[in-house]
Amino acid sequence: VSTQSTGQTATNLFKLLKKYKPETAAEKKDRLKSMADSGKTEAGKKPTVVKYGLNHVTALVEKKKAQLVVIAHDVDPIELVVWMPALCRKMNIPYCIVKGKARLGQVVHKKTAAVLAITSVKAEDKNALNNLVSSVTTNYNDRFDEIRKTWGGGH
């Protein structure tokens, strides 16, 4: 696996994640204000956004709702996320590990985020998601045994 392809994958991943940023507090306030002014009470269609938070993402993986899970490499304590790849593999959900929980946090308007999950995308982004999923699957999910055996220098 060349570092260039994984770098390109990361770039494409963050481009896709950026399209599905959740709304900020200010945007929500404006949206609710305009709804109140127009007299609407129903919320309308649920927006398609990136899901975040360890418990929330874990629940989505367990329900097989997540289509792609993104894990930060610098979570402290690491035990918080060390089991996530195993769960994703068990549930057959593609996952990847990216550098920087701060980068993930930026996507969801927080300081940091340990994990993110994409549950659904709009029709125009299906292709981009499928490309990401296929490259991530070959780099992470399918290489699990190969990666696992090299830990600790043992065989």
# chains A, B, ... in the order shown; residues from 1 in each chain; ligands from 1
call {"tool": "residues_around", "arguments": {"residues": "A:Glu23", "least_positions_apart": "2", "cutoff": "10 Å", "atoms": "only C-alpha atoms", "output": "PDB file with C-alpha atoms, in the first residue's frame"}}
result
ATOM      1  CA  TYR A  20     -22.199  16.324   5.609  1.00  0.00           C
ATOM      2  CA  LYS A  21     -21.171  18.608   8.468  1.00  0.00           C
ATOM      3  CA  ALA A  25     -25.536  26.194  16.997  1.00  0.00           C
ATOM      4  CA  ALA A  26     -25.962  29.529  15.181  1.00  0.00           C
ATOM      5  CA  GLU A  27     -27.329  27.828  12.057  1.00  0.00           C
ATOM      6  CA  LYS A  28     -29.785  25.838  14.173  1.00  0.00           C
ATOM      7  CA  LYS A  29     -30.934  28.994  15.933  1.00  0.00           C
ATOM      8  CA  ARG A  31     -33.366  27.691  11.181  1.00  0.00           C
ATOM      9  CA  PRO A  47     -30.926  16.009   7.404  1.00  0.00           C
ATOM     10  CA  VAL A  49     -25.194  14.411   8.462  1.00  0.00           C
ATOM     11  CA  VAL A 108     -18.476  18.241  13.596  1.00  0.00           C
ATOM     12  CA  HIS A 109     -17.781  21.694  15.133  1.00  0.00           C
TER      13      HIS A 109
END
call {"tool": "select_by_dssp", "arguments": {"residues": "stretch 24-152 of chain A", "states": "strand (DSSP E or B)", "output": "compact mmCIF listing (two decimals) with all heavy atoms, in the first residue's frame"}}
result
# COMPACT_ATOMS: atom_id res chain seq x y z
N LYS A 51 -22.39 11.36 11.80
CA LYS A 51 -22.68 11.08 13.21
C LYS A 51 -21.36 10.99 13.97
O LYS A 51 -20.37 10.53 13.43
CB LYS A 51 -23.41 9.74 13.35
CG LYS A 51 -24.60 9.58 12.42
CD LYS A 51 -25.70 10.53 12.74
CE LYS A 51 -26.92 10.23 11.87
NZ LYS A 51 -27.85 11.31 11.79
N TYR A 52 -21.35 11.43 15.23
CA TYR A 52 -20.12 11.42 15.99
C TYR A 52 -20.40 11.06 17.44
O TYR A 52 -21.54 11.04 17.88
CB TYR A 52 -19.40 12.76 15.90
CG TYR A 52 -20.18 13.92 16.48
CD1 TYR A 52 -19.94 14.36 17.78
CD2 TYR A 52 -21.17 14.57 15.74
CE1 TYR A 52 -20.65 15.41 18.31
CE2 TYR A 52 -21.88 15.62 16.27
CZ TYR A 52 -21.62 16.04 17.56
OH TYR A 52 -22.32 17.08 18.10
N LEU A 68 -19.65 3.74 6.94
CA LEU A 68 -18.20 3.90 7.04
C LEU A 68 -17.89 4.52 8.39
O LEU A 68 -18.54 5.48 8.79
CB LEU A 68 -17.69 4.81 5.91
CG LEU A 68 -16.22 5.19 5.92
CD1 LEU A 68 -15.34 3.96 5.72
CD2 LEU A 68 -15.92 6.20 4.85
N VAL A 69 -16.92 3.95 9.09
CA VAL A 69 -16.52 4.46 10.40
C VAL A 69 -15.11 5.02 10.29
O VAL A 69 -14.23 4.38 9.70
CB VAL A 69 -16.58 3.35 11.48
CG1 VAL A 69 -16.04 3.84 12.80
CG2 VAL A 69 -18.00 2.85 11.65
N VAL A 70 -14.91 6.22 10.83
CA VAL A 70 -13.60 6.87 10.80
C VAL A 70 -13.12 7.00 12.24
O VAL A 70 -13.81 7.58 13.08
CB VAL A 70 -13.70 8.28 10.16
CG1 VAL A 70 -12.32 8.89 10.00
CG2 VAL A 70 -14.42 8.21 8.83
N ILE A 71 -11.93 6.46 12.52
CA ILE A 71 -11.39 6.45 13.88
C ILE A 71 -10.14 7.33 13.93
O ILE A 71 -9.31 7.26 13.02
CB ILE A 71 -11.03 5.01 14.30
CG1 ILE A 71 -12.23 4.07 14.12
CG2 ILE A 71 -10.53 4.96 15.74
CD1 ILE A 71 -11.89 2.59 14.20
N ALA A 72 -9.99 8.13 14.98
CA ALA A 72 -8.79 8.96 15.13
C ALA A 72 -7.66 8.11 15.71
O ALA A 72 -7.91 7.20 16.50
CB ALA A 72 -9.09 10.13 16.05
N TYR A 95 -14.03 0.44 8.03
CA TYR A 95 -13.53 1.46 8.96
C TYR A 95 -12.16 1.91 8.48
O TYR A 95 -11.50 1.21 7.71
CB TYR A 95 -13.42 0.89 10.38
CG TYR A 95 -12.33 -0.13 10.55
CD1 TYR A 95 -11.06 0.25 10.98
CD2 TYR A 95 -12.55 -1.47 10.28
CE1 TYR A 95 -10.04 -0.70 11.10
CE2 TYR A 95 -11.55 -2.41 10.41
CZ TYR A 95 -10.30 -2.01 10.81
OH TYR A 95 -9.30 -2.93 10.94
N CYS A 96 -11.75 3.09 8.91
CA CYS A 96 -10.39 3.54 8.63
C CYS A 96 -9.89 4.35 9.82
O CYS A 96 -10.67 4.81 10.65
CB CYS A 96 -10.33 4.36 7.35
SG CYS A 96 -11.25 5.88 7.42
N ILE A 97 -8.58 4.46 9.89
CA ILE A 97 -7.96 5.21 10.98
C ILE A 97 -7.26 6.41 10.35
O ILE A 97 -6.48 6.23 9.40
CB ILE A 97 -6.96 4.31 11.73
CG1 ILE A 97 -7.70 3.12 12.35
CG2 ILE A 97 -6.22 5.11 12.80
CD1 ILE A 97 -6.84 2.01 12.84
N VAL A 98 -7.57 7.60 10.83
CA VAL A 98 -6.97 8.81 10.27
C VAL A 98 -6.17 9.53 11.35
O VAL A 98 -6.38 9.31 12.54
CB VAL A 98 -8.03 9.77 9.68
CG1 VAL A 98 -8.72 9.15 8.49
CG2 VAL A 98 -9.03 10.19 10.72
N VAL A 115 -14.39 9.27 17.08
CA VAL A 115 -14.90 8.51 15.93
C VAL A 115 -16.03 9.26 15.24
O VAL A 115 -16.76 10.02 15.87
CB VAL A 115 -15.42 7.10 16.35
CG1 VAL A 115 -14.30 6.19 16.73
CG2 VAL A 115 -16.45 7.19 17.44
N LEU A 116 -16.14 9.04 13.93
CA LEU A 116 -17.24 9.57 13.13
C LEU A 116 -17.83 8.41 12.35
O LEU A 116 -17.14 7.43 12.08
CB LEU A 116 -16.76 10.62 12.12
CG LEU A 116 -16.10 11.89 12.62
CD1 LEU A 116 -15.73 12.77 11.44
CD2 LEU A 116 -16.99 12.65 13.57
N ALA A 117 -19.08 8.53 11.96
CA ALA A 117 -19.70 7.51 11.11
C ALA A 117 -20.55 8.18 10.04
O ALA A 117 -21.23 9.18 10.31
CB ALA A 117 -20.56 6.58 11.94
N ILE A 118 -20.48 7.63 8.83
CA ILE A 118 -21.36 8.06 7.75
C ILE A 118 -22.47 7.02 7.67
O ILE A 118 -22.19 5.84 7.51
CB ILE A 118 -20.60 8.14 6.41
CG1 ILE A 118 -19.48 9.19 6.50
CG2 ILE A 118 -21.55 8.46 5.28
CD1 ILE A 118 -18.61 9.25 5.27
call {"tool": "atom_distance", "arguments": {"atom1": "atom CA of A:Thr9", "atom2": "atom CA of A:Leu132"}}
result
6.7 Å
call {"tool": "residues_around", "arguments": {"residues": "A:Asp142", "least_positions_apart": "3", "cutoff": "12 Å", "atoms": "only C-alpha atoms", "output": "list in words"}}
result
Pro85, Ala86, Cys88, Arg89, Asn92, Ile93, Pro94, Tyr95, Cys96, Val133, Ser134, Ser135, Val136, Thr137, Thr138, Asn139, Asp145, Glu146, Ile147 and Arg148 of chain A
call {"tool": "write_last_selection", "arguments": {"atoms": "N, CA and C atoms", "output": "CSV table (one decimal), in the first residue's frame"}}
result
chain,number,residue,atom,x,y,z
A,85,PRO,N,-12.1,-1.3,15.7
A,85,PRO,CA,-11.9,-2.1,14.5
A,85,PRO,C,-12.4,-3.5,14.6
A,86,ALA,N,-12.3,-4.2,15.7
A,86,ALA,CA,-12.8,-5.5,15.9
A,86,ALA,C,-14.3,-5.6,15.7
A,88,CYS,N,-16.2,-3.4,14.1
A,88,CYS,CA,-16.5,-3.1,12.7
A,88,CYS,C,-16.3,-4.3,11.8
A,89,ARG,N,-15.2,-5.1,12.1
A,89,ARG,CA,-14.9,-6.3,11.3
A,89,ARG,C,-16.0,-7.3,11.5
A,92,ASN,N,-19.0,-6.4,9.8
A,92,ASN,CA,-18.7,-6.2,8.3
A,92,ASN,C,-18.9,-4.8,7.9
A,93,ILE,N,-18.5,-3.8,8.7
A,93,ILE,CA,-18.6,-2.4,8.3
A,93,ILE,C,-17.2,-1.8,8.1
A,94,PRO,N,-17.0,-1.2,6.9
A,94,PRO,CA,-15.7,-0.6,6.6
A,94,PRO,C,-15.3,0.5,7.6
A,95,TYR,N,-14.0,0.4,8.0
A,95,TYR,CA,-13.5,1.5,9.0
A,95,TYR,C,-12.2,1.9,8.5
A,96,CYS,N,-11.7,3.1,8.9
A,96,CYS,CA,-10.4,3.5,8.6
A,96,CYS,C,-9.9,4.3,9.8
A,133,VAL,N,-15.1,3.4,0.3
A,133,VAL,CA,-15.4,2.1,1.0
A,133,VAL,C,-14.5,1.0,0.5
A,134,SER,N,-14.4,1.0,-0.9
A,134,SER,CA,-13.6,-0.1,-1.5
A,134,SER,C,-12.1,0.1,-1.1
A,135,SER,N,-11.6,1.3,-1.1
A,135,SER,CA,-10.1,1.4,-0.8
A,135,SER,C,-9.9,1.2,0.7
A,136,VAL,N,-10.8,1.7,1.5
A,136,VAL,CA,-10.7,1.5,2.9
A,136,VAL,C,-10.8,0.0,3.3
A,137,THR,N,-11.7,-0.7,2.7
A,137,THR,CA,-11.8,-2.1,2.9
A,137,THR,C,-10.6,-2.9,2.6
A,138,THR,N,-9.9,-2.6,1.5
A,138,THR,CA,-8.7,-3.3,1.2
A,138,THR,C,-7.5,-2.9,2.1
A,139,ASN,N,-7.5,-1.6,2.5
A,139,ASN,CA,-6.4,-1.2,3.4
A,139,ASN,C,-6.6,-1.5,4.9
A,145,ASP,N,-5.6,-9.3,9.7
A,145,ASP,CA,-4.7,-10.4,10.2
A,145,ASP,C,-3.2,-10.0,9.9
A,146,GLU,N,-2.9,-9.5,8.8
A,146,GLU,CA,-1.6,-9.1,8.4
A,146,GLU,C,-1.0,-8.0,9.4
A,147,ILE,N,-1.9,-7.0,9.7
A,147,ILE,CA,-1.5,-5.9,10.6
A,147,ILE,C,-1.4,-6.5,12.1
A,148,ARG,N,-2.3,-7.3,12.5
A,148,ARG,CA,-2.3,-7.8,13.8
A,148,ARG,C,-1.0,-8.6,14.1
call {"tool": "closest_residue", "arguments": {"among": "A:Val82, A:Val57, A:Val50, A:Ala102", "to": "A:Lys19", "atoms": "only C-alpha atoms"}}
result
A:Val50
call {"tool": "closest_residue", "arguments": {"among": "A:Ala114, A:Asp125, A:Glu42, A:Lys63", "to": "A:Pro77", "atoms": "only C-alpha atoms"}}
result
A:Ala114
call {"tool": "atom_distance", "arguments": {"atom1": "atom CA of A:Asn130", "atom2": "atom CA of A:Leu13"}}
result
11.1 Å
call {"tool": "select_by_dssp", "arguments": {"residues": "stretch 27-140 of chain A", "states": "helix (DSSP H, G or I)", "output": "JSON, numbers by chain"}}
result
{"A": [27, 28, 29, 30, 31, 32, 33, 34, 35, 36, 37, 38, 54, 55, 56, 57, 58, 59, 60, 61, 62, 78, 79, 80, 84, 85, 86, 87, 88, 89, 90, 101, 102, 103, 104, 105, 106, 107, 123, 124, 125, 126, 127, 128, 129, 130, 131, 132, 133, 134, 135, 136, 137, 138, 139, 140]}
call {"tool": "atom_distance", "arguments": {"atom1": "atom CA of A:Val75", "atom2": "atom CA of A:His56"}}
result
16.5 Å
